[in-house]
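Q: Structure file structure.csv, CSV, C-alpha atoms and all ligand atoms, is pasted below:
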chain,number,residue,atom,x,y,z
Z,1,MET,CA,11.8,-6.3,-33.1
Z,2,ARG,CA,13.5,-5.1,-29.9
Z,3,GLU,CA,12.3,-2.1,-28.0
Z,4,PHE,CA,14.4,0.8,-29.5
Z,5,THR,CA,13.6,-0.5,-33.0
Z,6,LYS,CA,9.9,-0.5,-32.3
Z,7,TYR,CA,10.0,3.2,-31.3
Z,8,VAL,CA,11.8,4.1,-34.6
Z,9,HIS,CA,9.7,2.0,-37.0
Z,10,GLY,CA,6.4,1.0,-35.4
Z,11,LYS,CA,4.7,-2.2,-36.4
Z,12,GLU,CA,5.5,-1.6,-40.1
Z,13,ILE,CA,8.9,-0.6,-41.3
Z,14,LEU,CA,9.0,3.1,-42.2
Z,15,GLY,CA,7.8,4.1,-45.7
Z,16,GLU,CA,4.3,5.5,-46.2
Z,17,LYS,CA,2.3,3.2,-48.5
Z,18,PHE,CA,1.3,5.7,-51.2
Z,19,THR,CA,4.5,7.7,-51.9
Z,20,ARG,CA,7.1,5.8,-49.7
Z,21,SER,CA,7.8,9.0,-47.8
Z,22,LEU,CA,9.9,8.1,-44.7
Z,23,SER,CA,7.9,10.5,-42.5
Z,24,VAL,CA,4.2,10.0,-42.2
Z,25,PRO,CA,2.6,13.0,-44.1
Z,26,ILE,CA,0.6,15.6,-42.3
Z,27,TYR,CA,-2.9,15.3,-43.7
Z,28,GLN,CA,-3.7,18.9,-42.8
Z,29,THR,CA,-7.3,18.8,-44.0
Z,30,ALA,CA,-10.7,18.8,-42.4
Z,31,ILE,CA,-12.4,17.2,-45.4
Z,32,PHE,CA,-11.8,14.2,-47.7
Z,33,THR,CA,-13.6,14.2,-51.1
Z,34,PHE,CA,-15.8,11.4,-52.6
Z,35,SER,CA,-15.4,10.2,-56.2
Z,36,SER,CA,-19.2,9.8,-56.4
Z,37,ALA,CA,-22.4,10.1,-54.3
Z,38,GLU,CA,-22.4,6.3,-54.0
Z,39,GLU,CA,-18.9,6.2,-52.7
Z,40,GLY,CA,-19.7,8.9,-50.1
Z,41,ALA,CA,-22.7,7.0,-48.9
Z,42,SER,CA,-20.8,3.7,-48.6
Z,43,ILE,CA,-17.8,5.3,-46.7
Z,44,ILE,CA,-20.2,7.0,-44.3
Z,45,ALA,CA,-22.1,3.7,-43.8
Z,46,LYS,CA,-18.8,2.0,-43.2
Z,47,GLU,CA,-19.3,-0.5,-46.1
Z,48,LYS,CA,-16.2,0.9,-47.7
Z,49,GLU,CA,-13.0,2.0,-45.9
Z,50,GLY,CA,-12.1,5.6,-46.3
Z,51,TYR,CA,-11.9,9.0,-44.7
Z,52,PHE,CA,-14.4,11.9,-45.0
Z,53,TYR,CA,-14.0,14.3,-42.1
Z,54,THR,CA,-11.1,14.7,-39.7
Z,55,ARG,CA,-13.1,14.5,-36.5
Z,56,LEU,CA,-14.2,11.1,-37.6
Z,57,GLY,CA,-10.8,9.9,-38.8
Z,58,ASN,CA,-7.6,11.2,-40.4
Z,59,PRO,CA,-4.6,9.1,-41.6
Z,60,THR,CA,-2.0,11.1,-39.6
Z,61,ILE,CA,-4.0,10.7,-36.4
Z,62,ARG,CA,-4.5,7.0,-37.2
Z,63,ALA,CA,-0.8,6.4,-37.7
Z,64,PHE,CA,-0.2,7.8,-34.2
Z,65,GLU,CA,-2.9,5.6,-32.7
Z,66,GLU,CA,-1.6,2.5,-34.4
Z,67,LYS,CA,1.9,3.1,-33.2
Z,68,MET,CA,0.8,3.7,-29.6
Z,69,ALA,CA,-1.4,0.5,-29.6
Z,70,PHE,CA,1.6,-1.4,-30.9
Z,71,LEU,CA,4.1,0.1,-28.4
Z,72,GLU,CA,1.9,-0.4,-25.4
Z,73,GLU,CA,0.7,-3.9,-26.5
Z,74,GLY,CA,-3.0,-3.1,-26.6
Z,75,GLU,CA,-5.6,-4.0,-29.2
Z,76,ASP,CA,-6.2,-0.5,-30.4
Z,77,ALA,CA,-5.9,3.2,-29.4
Z,78,CYS,CA,-7.8,6.4,-29.6
Z,79,ALA,CA,-6.1,9.9,-29.7
Z,80,PHE,CA,-7.4,13.1,-28.1
Z,81,ALA,CA,-6.7,16.8,-28.1
Z,82,SER,CA,-5.2,16.6,-24.6
Z,83,GLY,CA,-4.7,14.3,-21.7
Z,84,MET,CA,-7.8,15.8,-20.0
Z,85,ALA,CA,-9.9,15.2,-23.1
Z,86,ALA,CA,-8.8,11.5,-22.9
Z,87,ILE,CA,-9.6,11.2,-19.2
Z,88,SER,CA,-13.0,12.8,-19.4
Z,89,ALA,CA,-13.9,10.8,-22.5
Z,90,VAL,CA,-13.0,7.5,-20.8
Z,91,ILE,CA,-15.1,8.4,-17.8
Z,92,PHE,CA,-18.1,9.4,-19.9
Z,93,ALA,CA,-17.7,6.2,-22.0
Z,94,LEU,CA,-17.6,3.8,-19.0
Z,95,ILE,CA,-19.7,5.5,-16.3
Z,96,LYS,CA,-23.4,6.4,-16.0
Z,97,THR,CA,-25.5,8.1,-13.3
Z,98,GLY,CA,-25.5,6.1,-10.1
Z,99,ASP,CA,-22.2,4.4,-10.7
Z,100,GLU,CA,-19.3,4.6,-8.3
Z,101,ILE,CA,-15.6,5.3,-9.0
Z,102,LEU,CA,-12.8,4.5,-6.6
Z,103,ALA,CA,-9.8,6.7,-7.4
Z,104,SER,CA,-6.3,7.0,-6.0
Z,105,TYR,CA,-5.0,10.2,-4.4
Z,106,PRO,CA,-3.1,12.4,-4.9
Z,107,ILE,CA,-3.9,12.8,-8.6
Z,108,TYR,CA,-3.3,15.5,-11.2
Z,109,GLY,CA,-5.1,18.7,-10.2
Z,110,CYS,CA,-7.5,18.8,-13.2
Z,111,THR,CA,-8.4,15.1,-12.8
Z,112,TYR,CA,-9.2,15.9,-9.1
Z,113,THR,CA,-11.4,18.8,-10.2
Z,114,LEU,CA,-13.2,16.7,-12.8
Z,115,PHE,CA,-13.9,14.0,-10.2
Z,116,THR,CA,-14.8,16.3,-7.3
Z,117,SER,CA,-16.6,19.2,-8.9
Z,118,ILE,CA,-18.0,17.9,-12.2
Z,119,LEU,CA,-18.9,14.2,-11.9
Z,120,PRO,CA,-21.1,14.7,-8.8
Z,121,ASN,CA,-23.4,16.9,-11.0
Z,122,PHE,CA,-24.1,13.8,-13.1
Z,123,GLY,CA,-24.9,11.6,-10.1
Z,124,VAL,CA,-21.5,9.8,-10.1
Z,125,LYS,CA,-19.9,9.1,-6.8
Z,126,VAL,CA,-16.1,9.2,-6.4
Z,127,GLU,CA,-14.4,7.8,-3.4
Z,128,TRP,CA,-10.7,8.5,-2.8
Z,129,LEU,CA,-8.2,5.9,-1.6
Z,130,PRO,CA,-4.7,6.8,-0.6
Z,131,ALA,CA,-1.9,5.7,-3.1
Z,132,ARG,CA,0.4,4.9,-0.2
Z,133,ASN,CA,-1.7,1.8,0.8
Z,134,PHE,CA,-4.0,1.6,-2.1
Z,135,THR,CA,-4.6,-2.1,-2.4
Z,136,GLU,CA,-5.5,-2.6,1.3
Z,137,GLU,CA,-8.0,0.3,1.1
Z,138,LEU,CA,-9.3,-1.1,-2.2
Z,139,LYS,CA,-10.1,-4.4,-0.6
Z,140,ARG,CA,-12.0,-2.6,2.1
Z,141,LYS,CA,-14.0,-0.2,0.0
Z,142,ILE,CA,-14.8,-2.1,-3.2
Z,143,SER,CA,-18.3,-3.3,-3.7
Z,144,LYS,CA,-20.7,-4.4,-6.5
Z,145,LYS,CA,-21.5,-0.7,-7.0
Z,146,THR,CA,-17.9,0.1,-8.1
Z,147,LYS,CA,-17.7,0.3,-11.8
Z,148,LEU,CA,-14.3,1.8,-12.2
Z,149,VAL,CA,-11.0,1.9,-10.4
Z,150,PHE,CA,-9.0,4.9,-11.6
Z,151,ILE,CA,-5.3,4.9,-10.6
Z,152,GLU,CA,-2.4,7.2,-11.4
Z,153,THR,CA,1.0,5.6,-10.9
Z,154,PRO,CA,3.4,7.0,-10.1
Z,155,THR,CA,1.2,9.7,-8.6
Z,156,ASN,CA,1.3,13.4,-9.5
Z,157,PRO,CA,2.9,15.1,-7.6
Z,158,THR,CA,4.2,12.9,-4.8
Z,159,VAL,CA,5.6,10.1,-7.0
Z,160,GLU,CA,4.1,7.2,-5.0
Z,161,VAL,CA,3.5,3.8,-6.6
Z,162,ILE,CA,0.4,1.6,-6.8
Z,163,ASP,CA,0.5,-2.1,-7.5
Z,164,ILE,CA,-1.4,-2.3,-10.9
Z,165,LYS,CA,-1.6,-6.1,-11.0
Z,166,GLU,CA,-3.0,-6.5,-7.5
Z,167,SER,CA,-5.4,-3.6,-8.0
Z,168,SER,CA,-6.7,-5.3,-11.2
Z,169,GLU,CA,-7.1,-8.7,-9.5
Z,170,ILE,CA,-9.2,-7.1,-6.8
Z,171,ALA,CA,-11.3,-4.9,-9.2
Z,172,HIS,CA,-12.0,-7.7,-11.6
Z,173,ARG,CA,-13.4,-9.9,-8.8
Z,174,TYR,CA,-16.1,-7.3,-8.5
Z,175,GLY,CA,-16.5,-6.8,-12.2
Z,176,ALA,CA,-15.0,-3.3,-12.1
Z,177,LYS,CA,-12.7,-2.0,-14.8
Z,178,VAL,CA,-9.3,-0.6,-14.1
Z,179,VAL,CA,-8.0,2.6,-15.8
Z,180,VAL,CA,-4.3,3.6,-15.3
Z,181,ASP,CA,-3.0,7.0,-16.0
Z,182,ASN,CA,0.5,6.0,-17.2
Z,183,THR,CA,1.8,9.5,-17.9
Z,184,PHE,CA,4.6,9.6,-15.3
Z,185,ALA,CA,5.9,6.1,-16.0
Z,186,THR,CA,5.5,6.1,-19.8
Z,187,THR,CA,5.0,3.3,-22.2
Z,188,PHE,CA,8.7,2.7,-22.2
Z,189,ASN,CA,8.9,1.9,-18.5
Z,190,GLN,CA,5.5,0.5,-17.7
Z,191,LYS,CA,2.8,-1.5,-19.6
Z,192,PRO,CA,-0.4,-1.5,-17.5
Z,193,LEU,CA,-2.3,-3.8,-19.9
Z,194,LYS,CA,0.3,-6.5,-19.5
Z,195,LEU,CA,-0.4,-6.1,-15.7
Z,196,ASN,CA,-4.1,-6.8,-16.4
Z,197,ALA,CA,-5.4,-3.3,-16.3
Z,198,ASP,CA,-8.2,-2.7,-18.8
Z,199,ILE,CA,-7.2,0.7,-20.1
Z,200,SER,CA,-4.0,2.7,-20.1
Z,201,LEU,CA,-4.0,6.4,-20.9
Z,202,HIS,CA,-1.5,9.3,-21.2
Z,203,SER,CA,-1.2,12.9,-21.4
Z,204,ALA,CA,0.9,12.7,-24.6
Z,205,THR,CA,1.8,16.3,-24.0
Z,206,LYS,CA,4.6,15.0,-21.7
Z,207,TYR,CA,7.2,12.4,-22.5
Z,208,ILE,CA,5.6,11.2,-25.7
Z,209,SER,CA,5.9,14.6,-27.3
Z,210,GLY,CA,9.1,15.1,-25.3
Z,211,HIS,CA,9.6,18.6,-26.7
Z,212,GLY,CA,7.0,20.7,-24.8
Z,213,ASP,CA,5.5,21.9,-28.1
Z,214,THR,CA,2.1,20.1,-28.3
Z,215,LEU,CA,-0.8,18.9,-26.3
Z,216,GLY,CA,-2.3,15.5,-26.9
Z,217,GLY,CA,-3.9,12.5,-25.2
Z,218,ILE,CA,-4.0,8.8,-25.9
Z,219,VAL,CA,-6.1,5.9,-24.6
Z,220,ILE,CA,-5.0,2.3,-25.2
Z,221,GLY,CA,-7.3,-0.7,-24.6
Z,222,ASP,CA,-9.6,-3.4,-26.0
Z,223,LYS,CA,-11.2,-3.0,-29.5
Z,224,GLU,CA,-14.7,-2.5,-28.1
Z,225,THR,CA,-13.9,0.3,-25.7
Z,226,ILE,CA,-11.8,2.1,-28.3
Z,227,LYS,CA,-14.6,1.8,-30.9
Z,228,ASN,CA,-17.0,3.3,-28.3
Z,229,LEU,CA,-14.5,6.2,-27.7
Z,230,LYS,CA,-14.2,6.9,-31.4
Z,231,GLU,CA,-17.8,6.5,-32.4
Z,232,ASN,CA,-19.4,8.1,-29.4
Z,233,LEU,CA,-17.0,10.3,-27.5
Z,234,ILE,CA,-14.7,11.7,-30.2
Z,235,ARG,CA,-17.6,12.0,-32.6
Z,236,ASN,CA,-20.0,13.7,-30.3
Z,237,PHE,CA,-17.9,15.5,-27.7
Z,238,GLY,CA,-15.3,16.4,-30.3
Z,239,GLY,CA,-12.0,16.4,-28.4
Z,240,VAL,CA,-10.1,15.3,-31.5
Z,241,LEU,CA,-6.3,15.6,-31.9
Z,242,SER,CA,-5.2,17.9,-34.7
Z,243,PRO,CA,-3.3,16.2,-37.6
Z,244,PHE,CA,-0.3,18.5,-37.1
Z,245,ASN,CA,-0.1,17.6,-33.4
Z,246,ALA,CA,-0.4,13.9,-34.3
Z,247,TRP,CA,2.6,14.4,-36.5
Z,248,LEU,CA,4.6,16.1,-33.7
Z,249,LEU,CA,3.7,13.2,-31.4
Z,250,LEU,CA,4.8,10.6,-34.1
Z,251,ARG,CA,8.1,12.5,-34.4
Z,252,GLY,CA,8.4,12.4,-30.6
Z,253,LEU,CA,7.9,8.7,-30.5
Z,254,LYS,CA,10.9,8.1,-32.9
Z,255,THR,CA,13.4,9.2,-30.2
Z,256,MET,CA,11.3,8.2,-27.2
Z,257,ALA,CA,13.3,5.1,-26.3
Z,258,LEU,CA,16.5,7.1,-26.5
Z,259,ARG,CA,15.1,10.0,-24.5
Z,260,MET,CA,13.6,7.7,-21.8
Z,261,SER,CA,16.9,5.9,-21.3
Z,262,LYS,CA,18.5,9.2,-20.5
Z,263,HIS,CA,15.6,10.4,-18.4
Z,264,ASN,CA,15.8,7.2,-16.4
Z,265,GLU,CA,19.5,7.6,-15.9
Z,266,ASN,CA,19.4,11.3,-15.0
Z,267,GLY,CA,16.3,10.8,-12.7
Z,268,LEU,CA,18.3,8.3,-10.6
Z,269,LYS,CA,21.4,10.4,-10.4
Z,270,VAL,CA,19.6,13.6,-9.4
Z,271,ALA,CA,17.4,11.7,-6.9
Z,272,GLN,CA,20.6,10.2,-5.3
Z,273,PHE,CA,22.2,13.6,-5.2
Z,274,LEU,CA,19.1,15.1,-3.5
Z,275,GLU,CA,18.8,12.3,-1.0
Z,276,ASN,CA,22.4,12.9,0.2
Z,277,HIS,CA,22.1,16.7,0.4
Z,278,PRO,CA,22.0,18.1,4.0
Z,279,LYS,CA,19.3,20.7,3.1
Z,280,VAL,CA,16.9,18.1,1.8
Z,281,LYS,CA,14.5,16.5,4.2
Z,282,LYS,CA,12.8,13.8,2.0
Z,283,VAL,CA,13.0,12.5,-1.5
Z,284,SER,CA,10.4,10.4,-3.4
Z,285,TYR,CA,11.7,8.6,-6.5
Z,286,PRO,CA,10.7,5.0,-7.2
Z,287,GLY,CA,14.3,4.0,-8.1
Z,288,LEU,CA,15.6,4.7,-4.6
Z,289,SER,CA,15.6,1.8,-2.2
Z,290,SER,CA,14.3,4.3,0.4
Z,291,HIS,CA,11.0,4.7,-1.6
Z,292,PRO,CA,8.2,3.1,0.4
Z,293,GLN,CA,6.9,1.2,-2.7
Z,294,TYR,CA,10.4,0.4,-4.1
Z,295,GLU,CA,9.5,-3.4,-4.3
Z,296,ILE,CA,6.3,-2.7,-6.3
Z,297,ALA,CA,8.1,-0.3,-8.6
Z,298,LYS,CA,10.8,-2.8,-9.3
Z,299,LYS,CA,8.2,-5.4,-10.1
Z,300,GLN,CA,6.1,-3.4,-12.5
Z,301,MET,CA,8.5,-0.8,-14.0
Z,302,SER,CA,11.4,-1.5,-16.2
Z,303,GLY,CA,12.8,2.0,-15.5
Z,304,PHE,CA,11.9,4.7,-13.0
Z,305,SER,CA,11.3,7.7,-15.3
Z,306,SER,CA,12.5,11.2,-14.2
Z,307,MET,CA,9.8,12.6,-11.8
Z,308,ILE,CA,11.1,13.4,-8.4
Z,309,ALA,CA,9.2,15.0,-5.4
Z,310,PHE,CA,11.3,16.4,-2.6
Z,311,GLU,CA,10.9,18.4,0.6
Z,312,LEU,CA,13.5,20.9,1.8
Z,313,LYS,CA,14.2,21.3,5.5
Z,314,GLY,CA,13.4,25.0,5.2
Z,315,GLY,CA,9.8,24.4,3.9
Z,316,ARG,CA,8.0,26.7,1.5
Z,317,GLU,CA,10.5,29.6,1.9
Z,318,ALA,CA,13.4,27.3,1.0
Z,319,GLY,CA,11.5,26.0,-2.0
Z,320,ARG,CA,10.8,29.5,-3.2
Z,321,LYS,CA,14.5,30.4,-2.9
Z,322,LEU,CA,15.5,27.2,-4.8
Z,323,MET,CA,13.1,28.0,-7.7
Z,324,ASN,CA,14.2,31.6,-7.8
Z,325,ASN,CA,17.9,30.7,-7.9
Z,326,ILE,CA,18.1,28.0,-10.5
Z,327,LYS,CA,20.0,29.0,-13.7
Z,328,LEU,CA,19.9,26.0,-16.0
Z,329,CYS,CA,16.7,24.2,-14.7
Z,330,VAL,CA,13.5,26.0,-15.6
Z,331,CYS,CA,10.7,27.0,-13.3
Z,332,ALA,CA,7.6,25.7,-15.1
Z,333,VAL,CA,4.7,23.3,-14.8
Z,334,SER,CA,4.3,20.3,-17.1
Z,335,LEU,CA,6.8,17.5,-17.4
Z,336,GLY,CA,8.6,15.1,-19.6
Z,337,ASP,CA,10.5,17.7,-21.5
Z,338,THR,CA,14.1,17.6,-22.7
Z,339,ALA,CA,14.8,20.4,-20.2
Z,340,THR,CA,14.6,20.0,-16.5
Z,341,LEU,CA,11.5,21.6,-15.1
Z,342,ILE,CA,10.8,22.5,-11.4
Z,343,GLU,CA,7.5,23.6,-9.9
Z,344,HIS,CA,5.7,24.0,-6.6
Z,345,PRO,CA,2.6,21.7,-6.6
Z,346,ALA,CA,0.7,23.4,-3.7
Z,347,SER,CA,0.6,26.8,-5.6
Z,348,MET,CA,0.8,25.5,-9.2
Z,349,THR,CA,-0.3,22.1,-10.6
Z,350,HIS,CA,-2.4,21.3,-7.5
Z,351,PHE,CA,-3.7,24.8,-6.7
Z,352,SER,CA,-7.3,23.5,-7.1
Z,353,TYR,CA,-7.0,21.2,-4.1
Z,354,SER,CA,-8.7,22.2,-0.9
Z,355,LYS,CA,-6.4,22.9,2.0
Z,356,GLU,CA,-7.7,19.7,3.7
Z,357,ASP,CA,-7.0,17.6,0.6
Z,358,LEU,CA,-3.5,19.0,0.1
Z,359,GLU,CA,-2.7,18.0,3.7
Z,360,LYS,CA,-4.3,14.6,3.4
Z,361,SER,CA,-2.4,13.9,0.1
Z,362,GLY,CA,1.0,14.9,1.6
Z,363,ILE,CA,1.3,17.9,-0.7
Z,364,SER,CA,3.0,20.1,1.9
Z,365,GLU,CA,3.9,23.8,1.4
Z,366,GLY,CA,7.5,22.6,1.2
Z,367,LEU,CA,7.1,20.0,-1.5
Z,368,VAL,CA,8.9,20.7,-4.8
Z,369,ARG,CA,8.4,18.6,-7.9
Z,370,MET,CA,11.0,18.1,-10.5
Z,371,SER,CA,10.9,16.6,-14.0
Z,372,VAL,CA,14.5,15.8,-14.8
Z,373,GLY,CA,15.5,16.5,-18.4
Z,374,ILE,CA,18.1,15.0,-20.7
Z,375,GLU,CA,20.8,17.5,-20.2
Z,376,ASP,CA,24.1,16.2,-18.7
Z,377,ALA,CA,23.2,15.0,-15.1
Z,378,GLU,CA,26.3,16.8,-13.8
Z,379,ASP,CA,25.1,20.1,-15.1
Z,380,ILE,CA,21.6,19.6,-13.5
Z,381,ILE,CA,23.3,18.7,-10.2
Z,382,GLU,CA,25.7,21.6,-10.3
Z,383,ASP,CA,22.8,24.0,-10.9
Z,384,LEU,CA,20.8,22.5,-8.0
Z,385,GLU,CA,24.0,22.6,-5.8
Z,386,GLN,CA,24.5,26.4,-6.4
Z,387,ALA,CA,20.8,27.1,-5.8
Z,388,LEU,CA,20.7,25.0,-2.6
Z,389,ALA,CA,23.8,26.9,-1.4
Z,390,LYS,CA,21.8,30.1,-1.5
Z,391,ILE,CA,19.2,28.8,1.0
Z,401,LIG,N1,-2.6,13.1,-16.3
Z,401,LIG,C1,-1.4,13.5,-15.7
Z,401,LIG,C2,-0.7,12.5,-14.8
Z,401,LIG,C3,-0.9,14.7,-15.8
Z,401,LIG,O1,0.2,15.1,-15.2
Z,401,LIG,C4,-1.6,15.7,-16.7
Z,401,LIG,C5,-1.1,17.0,-16.9
Z,401,LIG,C6,-2.8,15.2,-17.3
Z,401,LIG,C7,-3.2,13.9,-17.1
Z,401,LIG,C8,-3.6,16.1,-18.2
Z,401,LIG,O2,-2.9,16.2,-19.5
Z,401,LIG,P1,-3.1,17.4,-20.5
Z,401,LIG,O3,-4.5,17.7,-20.7
Z,401,LIG,O4,-2.4,18.6,-19.8
Z,401,LIG,O5,-2.4,17.0,-21.7
Z,401,LIG,N2,-0.2,17.5,-16.0
Z,401,LIG,C9,0.4,18.7,-15.9
Z,401,LIG,C10,1.3,19.0,-14.8
Z,401,LIG,O6,1.7,18.2,-13.9
Z,401,LIG,N3,1.7,20.2,-15.0
Z,401,LIG,O7,1.0,20.8,-16.1
Z,401,LIG,C11,0.2,19.8,-16.7
Let's see the structure in the file written out as structure tokens.
A:
Amino acid sequence: MREFTKYVHGKEILGEKFTRSLSVPIYQTAIFTFSSAEEGASIIAKEKEGYFYTRLGNPTIRAFEEKMAFLEEGEDACAFASGMAAISAVIFALIKTGDEILASYPIYGCTYTLFTSILPNFGVKVEWLPARNFTEELKRKISKKTKLVFIETPTNPTVEVIDIKESSEIAHRYGAKVVVDNTFATTFNQKPLKLNADISLHSATKYISGHGDTLGGIVIGDKETIKNLKENLIRNFGGVLSPFNAWLLLRGLKTMALRMSKHNENGLKVAQFLENHPKVKKVSYPGLSSHPQYEIAKKQMSGFSSMIAFELKGGREAGRKLMNNIKLCVCAVSLGDTATLIEHPASMTHFSYSKEDLEKSGISEGLVRMSVGIEDAEDIIEDLEQALAKI
């Protein structure tokens, strides 16, 4: 199977095994019944295969997990209610008191809060290394105490790129595991496990859903880690995906290859337009040869997705004017939607950052983040042109 076919069918050609329904049914139930007390006991004891309670397994959720493991070329996958449920579960599955995490910055605002405000309460130390020269810093800072290297690439919101393969080589020498937040790049453009990372995870809320209508999270990795996530973290922390949301995500996957091709194409066109606009000071998009990590991006990504960070010459005030004058693009947080979304990281997605950390991370008051949609690129560009003319 080639890539587009995989997104349509998954590992097994469409046609559900009981009724041959083309679409995976939504098993909208919390409970599955037993035909006898003996059967119940053997399903719960895992002697017999079967479902009994949706927090501990559901066929619609399982279909989503199996398709994601197949597409991202991992052994197995575990779905969660949101991207943050996935991230926190991975951390609590792999880390214990006294351990140290090395994490890249900038990073999504709630991951930052989890790492800076919550993990220290459990005696876990997080050290931050800049994405812009991550592997050099990693070589300097890593030690036997490091249990986990957590990287987000491209980074939210600055769209910087980290070398996954080199980071994994360094981390593995010290016995540390590497977790990659692959949300911005997507499965279609980047396969962290093939680059030797141990775990890849996503906010499925974004490009996987693609339609801005559900939250979800997914973790892909080795069988043992996924088993631990299911049997300990999902089971006892309870951040399970709902069957209906699993179905929406399965539906999103069917068109994901098609959508991502258009996102990739539009991302590049809009980034090129912005780079040549006189009112724009700086553009960060991994598909532009001016991007500081363009060579790394070319090596590890098959497409560059559609997240762009840019700074206007007029700073915060110019950004405010831009966002208040767009007519087709939408002013909103989140990303990976069919529609083009624009937001202001310092006051929105990264509001929880301290002033110092905003500065250190290059999230200036004038930084604008854009998730380019799948409209006609010319329409997006015309809208930006008219809004920029008002600055
Ligand atoms: N990882 C990344 C890279 C993200 O961008 C987000 C959400 C998450 C994890 C968390 O996923 P969730 O729990 O929301 O499914 N990013 C958002 C953003 O940039 N704007 O709104 C949400």
Q: In Å to one decimal, how far is CA of Lys269 (chain Z) from CA of Met348 (chain Z)?
A: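 If I compute the distance from CA of Met348 (chain Z) to CA of Lys269 (chain Z), I get 25.6 Å.
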Q: When you count all atoms listed in the file, which of these residues is closest to Glu12 (chain Z): Z:Lys67, Z:Arg55, Z:His350, Z:Arg259?
A: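 The shortest atom-to-atom distance to Glu12 (chain Z) comes from Z:Lys67.
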Q: When you count only C-alpha atoms, which of these residues is closest to Val90 (chain Z): Z:Leu148, Z:Ala246, Z:Ala69, Z:Ile296?
A: Z:Leu148
Q: Which residues are near ligand LIG 401 (chain Z) in this structure, taking near to mean any atom at most 6 Å from a ligand atom and counting all atoms listed in the file? Format them as a list in words.
A: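 Those within range of ligand LIG 401 (chain Z) are Ser82, Gly83, Met84, Tyr108, Asn156, Thr183, Ser203, Thr205, Leu215, Gly216, Gly217, Val333, Ser334 and Thr349 of chain Z.
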Q: Enter the distance from CA of Leu195 (chain Z) to CA of Ser168 (chain Z), in Å, rounded to one decimal.
A: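 These atoms are spaced 7.8 Å apart.
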Q: For CA of Asp222 (chain Z) and CA of Cys110 (chain Z), quote the distance in Å rounded to one decimal.
A: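 Interatomic distance, CA of Asp222 (chain Z) to CA of Cys110 (chain Z): 25.7 Å.
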Q: Which region 62-178 of chain Z residues have any atom within 9 Å of an atom of region 229-233 of chain Z, and for each, what is the nearest pair of atoms with distance in Å to one decimal, counting only C-alpha atoms, rows sorted by chain and number, as a tab-separated table?
A:
residue	atom	partner	partner_atom	distance
Z:Cys78	CA	Z:Lys230	CA	6.7
Z:Ala79	CA	Z:Lys230	CA	8.8
Z:Ala89	CA	Z:Leu233	CA	5.9
Z:Val90	CA	Z:Leu229	CA	7.2
Z:Phe92	CA	Z:Leu233	CA	7.7
Z:Ala93	CA	Z:Leu229	CA	6.5
Q: Write to file, as a tab-separated table (two decimals), in the frame of the given file, the residues of the selection just made, with C-alpha atoms.
A:
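Ended up saving to selection.tsv:
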chain	number	residue	atom	x	y	z
Z	78	CYS	CA	-7.80	6.40	-29.60
Z	79	ALA	CA	-6.10	9.90	-29.70
Z	89	ALA	CA	-13.90	10.80	-22.50
Z	90	VAL	CA	-13.00	7.50	-20.80
Z	92	PHE	CA	-18.10	9.40	-19.90
Z	93	ALA	CA	-17.70	6.20	-22.00
Q: List the neighbours of Ser305 (chain Z) out to 7 Å using all atoms listed in the file; skip same-chain residues closer than 2 positions along the sequence, and give me the result as a list in words.
A: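 Once the nearby chain positions are removed, what remains is Phe184, Ala185, Met260, His263, Asn264, Gly267, Gly303 and Met307 of chain Z.
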Q: How about saving the chosen residues, C-alpha atoms kept, as a PDB file, keeping the file's coordinate frame?
A:
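Saved as result-v4.pdb:
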ATOM      1  CA  PHE Z 184       4.600   9.600 -15.300  1.00  0.00           C
ATOM      2  CA  ALA Z 185       5.900   6.100 -16.000  1.00  0.00           C
ATOM      3  CA  MET Z 260      13.600   7.700 -21.800  1.00  0.00           C
ATOM      4  CA  HIS Z 263      15.600  10.400 -18.400  1.00  0.00           C
ATOM      5  CA  ASN Z 264      15.800   7.200 -16.400  1.00  0.00           C
ATOM      6  CA  GLY Z 267      16.300  10.800 -12.700  1.00  0.00           C
ATOM      7  CA  GLY Z 303      12.800   2.000 -15.500  1.00  0.00           C
ATOM      8  CA  MET Z 307       9.800  12.600 -11.800  1.00  0.00           C
TER       9      MET Z 307
END
Q: Env of Leu388 (chain Z): 12 Å cut, atoms = all atoms listed in the file, seq-sep filter 5 positions within chain, self excluded. Answer as a list in words.
A: Phe273, Leu274, His277, Pro278, Lys279, Val280, Leu312, Lys313, Gly314, Ala318, Gly319, Arg320, Lys321, Leu322, Met323, Asn324, Asn325, Ile326, Lys327, Ile381, Glu382 and Asp383 of chain Z
Q: In terms of the shortest atom-to-atom distance over all atoms listed in the file, which of Z:Ser302, Z:Thr146, Z:Thr60, Z:Asn133 is closest to Phe244 (chain Z)?
A: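 Nearest candidate to Phe244 (chain Z) out of Z:Ser302, Z:Thr146, Z:Thr60, Z:Asn133: Z:Thr60.
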Q: For His344 (chain Z), which of Z:Trp128, Z:Pro243, Z:Asp99, Z:Thr158 is the closest residue, counting all atoms listed in the file?
A: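 Checking each candidate against His344 (chain Z), we get Z:Thr158 as the closest.
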Q: Rank Z:Thr116, Z:Val161, Z:Met68, Z:Met1 by their smallest atom-to-atom distance to Pro292 (chain Z), using all atoms listed in the file, and report the top residue only.
A: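 Distance minimum relative to Pro292 (chain Z) lands on Z:Val161.
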Q: Which is closer to Asp213 (chain Z) than all the others in Z:Ala86, Z:Leu249, Z:Met256, Z:Leu241, using all atoms listed in the file?
A: Z:Leu249
Q: Could you give me, as an MDAnalysis selection string, the residues within 10 Å of Thr338 (chain Z), counting all atoms listed in the file and dropping anything in the same chain fewer than 5 positions from it?
A: chainID Z and resid 206:207 209:212 259:260 262:263 371:375
